[in-house]
Amino acid sequence: MKIFYHRYVLQLFLITCCGISIATAAGDTLDKQFIKFETGQLNLGRDLWIENCKGCHAYGTAGAPIPMQANDWKKRVTKDRSILYKHAINGFFGPDDTMMPERGGNPELSDKQVKLAVDYMVELANFYINNSQK
């Protein structure tokens, strides 16, 4: 209990005074699955994706397809990218009661930002699809 209390106090201090949060080991491991790519645009999309999309797409919330699971994305990555953009920007009700909220539930995101996040997620999915076939 004493260790928990000290950790809690330290986290509270870091968050309040420094804006820093101690990541959990599980969170660190999961974040390593979110590959960084060579291009700046994809890494900007990565940042947007982690901030806005990870909550559903990393865990399959509301049936969200998980890009790290190749089978969730094999058919999606063959679609015209404009369809994926449309679904992400305008929202989408899919089969089996799946649901994609408009702009991932963040109305502050511009179309360009949503497209960057979609581009990142498609490339992330392609990475896992290509590596699952080896």
# chains A, B, ... in the order shown; residues from 1 in each chain; ligands from 1
$ residues_around --residues "range 84-100 of chain A" --least-positions-apart "6" --cutoff "6 Å" --atoms "only C-alpha atoms" --output "list in words"
Ala62, Gly63 and Lys115 of chain A
$ write_last_selection --atoms "N, CA and C atoms" --output "mmCIF file, in the first residue's frame"
data_model
loop_
_atom_site.group_PDB
_atom_site.id
_atom_site.type_symbol
_atom_site.label_atom_id
_atom_site.label_comp_id
_atom_site.auth_asym_id
_atom_site.auth_seq_id
_atom_site.Cartn_x
_atom_site.Cartn_y
_atom_site.Cartn_z
ATOM 1 N N ALA A 62 -16.102 -1.118 -30.146
ATOM 2 C CA ALA A 62 -17.238 -0.922 -31.060
ATOM 3 C C ALA A 62 -16.988 -1.583 -32.410
ATOM 4 N N GLY A 63 -16.190 -2.656 -32.396
ATOM 5 C CA GLY A 63 -15.912 -3.379 -33.627
ATOM 6 C C GLY A 63 -14.868 -2.729 -34.517
ATOM 7 N N LYS A 115 -7.368 12.448 -42.688
ATOM 8 C CA LYS A 115 -6.737 11.704 -43.779
ATOM 9 C C LYS A 115 -5.325 11.251 -43.399
#
$ residues_around --residues "Ala125 in chain A" --least-positions-apart "5" --cutoff "10 Å" --atoms "only C-alpha atoms" --output "list in words"
Phe34, Pro65, Ile66, Pro67, Met68, Gln69, Ala70, Asn71, Asp72, Trp73, Lys74, Arg76, Val77, Asp119, Tyr120, Asn130 and Asn131 of chain A
$ closest_residue --among "A:Ala64, A:Leu109, A:Ile35, A:Val118" --to "Trp49 in chain A" --atoms "only C-alpha atoms"
A:Val118
$ decode --residues "range 45-88 of chain A" --atoms "N, CA and C atoms" --output "PDB file, in the first residue's frame"
ATOM      1  N   GLY A  45       0.713  11.565 -38.989  1.00  0.00           N
ATOM      2  CA  GLY A  45      -0.500  10.745 -38.927  1.00  0.00           C
ATOM      3  C   GLY A  45      -0.477   9.807 -37.734  1.00  0.00           C
ATOM      4  N   ARG A  46       0.704   9.273 -37.423  1.00  0.00           N
ATOM      5  CA  ARG A  46       0.861   8.401 -36.248  1.00  0.00           C
ATOM      6  C   ARG A  46       0.486   9.150 -34.976  1.00  0.00           C
ATOM      7  N   ASP A  47       1.020  10.354 -34.829  1.00  0.00           N
ATOM      8  CA  ASP A  47       0.714  11.149 -33.634  1.00  0.00           C
ATOM      9  C   ASP A  47      -0.779  11.418 -33.524  1.00  0.00           C
ATOM     10  N   LEU A  48      -1.393  11.778 -34.646  1.00  0.00           N
ATOM     11  CA  LEU A  48      -2.846  12.029 -34.653  1.00  0.00           C
ATOM     12  C   LEU A  48      -3.609  10.744 -34.331  1.00  0.00           C
ATOM     13  N   TRP A  49      -3.146   9.625 -34.896  1.00  0.00           N
ATOM     14  CA  TRP A  49      -3.802   8.339 -34.673  1.00  0.00           C
ATOM     15  C   TRP A  49      -3.729   7.945 -33.200  1.00  0.00           C
ATOM     16  N   ILE A  50      -2.543   8.080 -32.610  1.00  0.00           N
ATOM     17  CA  ILE A  50      -2.392   7.719 -31.195  1.00  0.00           C
ATOM     18  C   ILE A  50      -3.277   8.604 -30.326  1.00  0.00           C
ATOM     19  N   GLU A  51      -3.331   9.868 -30.643  1.00  0.00           N
ATOM     20  CA  GLU A  51      -4.122  10.824 -29.860  1.00  0.00           C
ATOM     21  C   GLU A  51      -5.628  10.608 -30.018  1.00  0.00           C
ATOM     22  N   ASN A  52      -6.074  10.224 -31.227  1.00  0.00           N
ATOM     23  CA  ASN A  52      -7.506  10.235 -31.504  1.00  0.00           C
ATOM     24  C   ASN A  52      -8.124   8.885 -31.850  1.00  0.00           C
ATOM     25  N   CYS A  53      -7.350   7.956 -32.346  1.00  0.00           N
ATOM     26  CA  CYS A  53      -7.905   6.713 -32.896  1.00  0.00           C
ATOM     27  C   CYS A  53      -7.543   5.467 -32.093  1.00  0.00           C
ATOM     28  N   LYS A  54      -6.421   5.546 -31.406  1.00  0.00           N
ATOM     29  CA  LYS A  54      -5.889   4.398 -30.667  1.00  0.00           C
ATOM     30  C   LYS A  54      -6.916   3.816 -29.686  1.00  0.00           C
ATOM     31  N   GLY A  55      -7.683   4.663 -29.045  1.00  0.00           N
ATOM     32  CA  GLY A  55      -8.629   4.209 -28.029  1.00  0.00           C
ATOM     33  C   GLY A  55      -9.580   3.145 -28.524  1.00  0.00           C
ATOM     34  N   CYS A  56      -9.969   3.220 -29.784  1.00  0.00           N
ATOM     35  CA  CYS A  56     -10.845   2.196 -30.364  1.00  0.00           C
ATOM     36  C   CYS A  56     -10.067   1.203 -31.218  1.00  0.00           C
ATOM     37  N   HIS A  57      -9.211   1.712 -32.112  1.00  0.00           N
ATOM     38  CA  HIS A  57      -8.559   0.839 -33.088  1.00  0.00           C
ATOM     39  C   HIS A  57      -7.428  -0.005 -32.515  1.00  0.00           C
ATOM     40  N   ALA A  58      -6.933   0.301 -31.348  1.00  0.00           N
ATOM     41  CA  ALA A  58      -5.921  -0.561 -30.735  1.00  0.00           C
ATOM     42  C   ALA A  58      -6.551  -1.712 -29.965  1.00  0.00           C
ATOM     43  N   TYR A  59      -7.842  -1.589 -29.654  1.00  0.00           N
ATOM     44  CA  TYR A  59      -8.501  -2.578 -28.791  1.00  0.00           C
ATOM     45  C   TYR A  59      -9.731  -3.220 -29.421  1.00  0.00           C
ATOM     46  N   GLY A  60     -10.160  -2.722 -30.578  1.00  0.00           N
ATOM     47  CA  GLY A  60     -11.350  -3.262 -31.220  1.00  0.00           C
ATOM     48  C   GLY A  60     -12.651  -2.761 -30.633  1.00  0.00           C
ATOM     49  N   THR A  61     -12.610  -1.631 -29.960  1.00  0.00           N
ATOM     50  CA  THR A  61     -13.806  -1.045 -29.351  1.00  0.00           C
ATOM     51  C   THR A  61     -14.862  -0.762 -30.423  1.00  0.00           C
ATOM     52  N   ALA A  62     -16.102  -1.118 -30.146  1.00  0.00           N
ATOM     53  CA  ALA A  62     -17.238  -0.922 -31.060  1.00  0.00           C
ATOM     54  C   ALA A  62     -16.988  -1.583 -32.410  1.00  0.00           C
ATOM     55  N   GLY A  63     -16.190  -2.656 -32.396  1.00  0.00           N
ATOM     56  CA  GLY A  63     -15.912  -3.379 -33.627  1.00  0.00           C
ATOM     57  C   GLY A  63     -14.868  -2.729 -34.517  1.00  0.00           C
ATOM     58  N   ALA A  64     -14.132  -1.753 -33.982  1.00  0.00           N
ATOM     59  CA  ALA A  64     -13.106  -1.075 -34.780  1.00  0.00           C
ATOM     60  C   ALA A  64     -12.053  -2.074 -35.234  1.00  0.00           C
ATOM     61  N   PRO A  65     -11.717  -2.079 -36.521  1.00  0.00           N
ATOM     62  CA  PRO A  65     -10.687  -2.997 -36.995  1.00  0.00           C
ATOM     63  C   PRO A  65      -9.309  -2.604 -36.459  1.00  0.00           C
ATOM     64  N   ILE A  66      -8.578  -3.580 -36.003  1.00  0.00           N
ATOM     65  CA  ILE A  66      -7.269  -3.355 -35.381  1.00  0.00           C
ATOM     66  C   ILE A  66      -6.189  -3.503 -36.455  1.00  0.00           C
ATOM     67  N   PRO A  67      -5.438  -2.442 -36.737  1.00  0.00           N
ATOM     68  CA  PRO A  67      -4.443  -2.527 -37.817  1.00  0.00           C
ATOM     69  C   PRO A  67      -3.309  -3.510 -37.559  1.00  0.00           C
ATOM     70  N   MET A  68      -3.069  -3.857 -36.318  1.00  0.00           N
ATOM     71  CA  MET A  68      -2.013  -4.823 -36.005  1.00  0.00           C
ATOM     72  C   MET A  68      -2.468  -6.271 -36.229  1.00  0.00           C
ATOM     73  N   GLN A  69      -3.731  -6.449 -36.557  1.00  0.00           N
ATOM     74  CA  GLN A  69      -4.275  -7.778 -36.844  1.00  0.00           C
ATOM     75  C   GLN A  69      -4.579  -7.849 -38.343  1.00  0.00           C
ATOM     76  N   ALA A  70      -3.710  -8.522 -39.058  1.00  0.00           N
ATOM     77  CA  ALA A  70      -3.750  -8.529 -40.521  1.00  0.00           C
ATOM     78  C   ALA A  70      -5.127  -8.882 -41.083  1.00  0.00           C
ATOM     79  N   ASN A  71      -5.786  -9.855 -40.507  1.00  0.00           N
ATOM     80  CA  ASN A  71      -7.083 -10.268 -41.045  1.00  0.00           C
ATOM     81  C   ASN A  71      -8.147  -9.183 -40.950  1.00  0.00           C
ATOM     82  N   ASP A  72      -8.022  -8.276 -39.985  1.00  0.00           N
ATOM     83  CA  ASP A  72      -8.975  -7.175 -39.858  1.00  0.00           C
ATOM     84  C   ASP A  72      -8.864  -6.193 -41.029  1.00  0.00           C
ATOM     85  N   TRP A  73      -7.703  -6.181 -41.690  1.00  0.00           N
ATOM     86  CA  TRP A  73      -7.432  -5.125 -42.670  1.00  0.00           C
ATOM     87  C   TRP A  73      -7.174  -5.598 -44.088  1.00  0.00           C
ATOM     88  N   LYS A  74      -7.027  -6.883 -44.328  1.00  0.00           N
ATOM     89  CA  LYS A  74      -6.683  -7.358 -45.675  1.00  0.00           C
ATOM     90  C   LYS A  74      -7.641  -6.830 -46.742  1.00  0.00           C
ATOM     91  N   LYS A  75      -8.926  -6.847 -46.484  1.00  0.00           N
ATOM     92  CA  LYS A  75      -9.898  -6.348 -47.473  1.00  0.00           C
ATOM     93  C   LYS A  75      -9.932  -4.818 -47.484  1.00  0.00           C
ATOM     94  N   ARG A  76      -9.757  -4.213 -46.348  1.00  0.00           N
ATOM     95  CA  ARG A  76      -9.845  -2.748 -46.274  1.00  0.00           C
ATOM     96  C   ARG A  76      -8.734  -2.039 -47.046  1.00  0.00           C
ATOM     97  N   VAL A  77      -7.518  -2.571 -46.980  1.00  0.00           N
ATOM     98  CA  VAL A  77      -6.400  -1.882 -47.639  1.00  0.00           C
ATOM     99  C   VAL A  77      -6.494  -1.965 -49.156  1.00  0.00           C
ATOM    100  N   THR A  78      -7.339  -2.853 -49.681  1.00  0.00           N
ATOM    101  CA  THR A  78      -7.511  -2.928 -51.130  1.00  0.00           C
ATOM    102  C   THR A  78      -8.573  -1.956 -51.629  1.00  0.00           C
ATOM    103  N   LYS A  79      -9.340  -1.382 -50.722  1.00  0.00           N
ATOM    104  CA  LYS A  79     -10.369  -0.408 -51.106  1.00  0.00           C
ATOM    105  C   LYS A  79      -9.711   0.896 -51.535  1.00  0.00           C
ATOM    106  N   ASP A  80     -10.435   1.629 -52.350  1.00  0.00           N
ATOM    107  CA  ASP A  80      -9.981   2.965 -52.705  1.00  0.00           C
ATOM    108  C   ASP A  80      -9.865   3.792 -51.427  1.00  0.00           C
ATOM    109  N   ARG A  81      -8.771   4.467 -51.276  1.00  0.00           N
ATOM    110  CA  ARG A  81      -8.504   5.232 -50.042  1.00  0.00           C
ATOM    111  C   ARG A  81      -9.605   6.260 -49.779  1.00  0.00           C
ATOM    112  N   SER A  82     -10.228   6.784 -50.828  1.00  0.00           N
ATOM    113  CA  SER A  82     -11.274   7.798 -50.652  1.00  0.00           C
ATOM    114  C   SER A  82     -12.458   7.252 -49.855  1.00  0.00           C
ATOM    115  N   ILE A  83     -12.719   5.957 -49.970  1.00  0.00           N
ATOM    116  CA  ILE A  83     -13.810   5.338 -49.198  1.00  0.00           C
ATOM    117  C   ILE A  83     -13.456   5.349 -47.713  1.00  0.00           C
ATOM    118  N   LEU A  84     -12.210   4.995 -47.400  1.00  0.00           N
ATOM    119  CA  LEU A  84     -11.774   5.011 -46.000  1.00  0.00           C
ATOM    120  C   LEU A  84     -11.809   6.436 -45.444  1.00  0.00           C
ATOM    121  N   TYR A  85     -11.383   7.404 -46.253  1.00  0.00           N
ATOM    122  CA  TYR A  85     -11.444   8.807 -45.820  1.00  0.00           C
ATOM    123  C   TYR A  85     -12.884   9.209 -45.536  1.00  0.00           C
ATOM    124  N   LYS A  86     -13.784   8.857 -46.448  1.00  0.00           N
ATOM    125  CA  LYS A  86     -15.203   9.217 -46.295  1.00  0.00           C
ATOM    126  C   LYS A  86     -15.780   8.639 -45.005  1.00  0.00           C
ATOM    127  N   HIS A  87     -15.478   7.364 -44.743  1.00  0.00           N
ATOM    128  CA  HIS A  87     -15.982   6.729 -43.523  1.00  0.00           C
ATOM    129  C   HIS A  87     -15.423   7.401 -42.274  1.00  0.00           C
ATOM    130  N   ALA A  88     -14.143   7.754 -42.305  1.00  0.00           N
ATOM    131  CA  ALA A  88     -13.517   8.374 -41.132  1.00  0.00           C
ATOM    132  C   ALA A  88     -14.004   9.800 -40.922  1.00  0.00           C
TER     133      ALA A  88
END
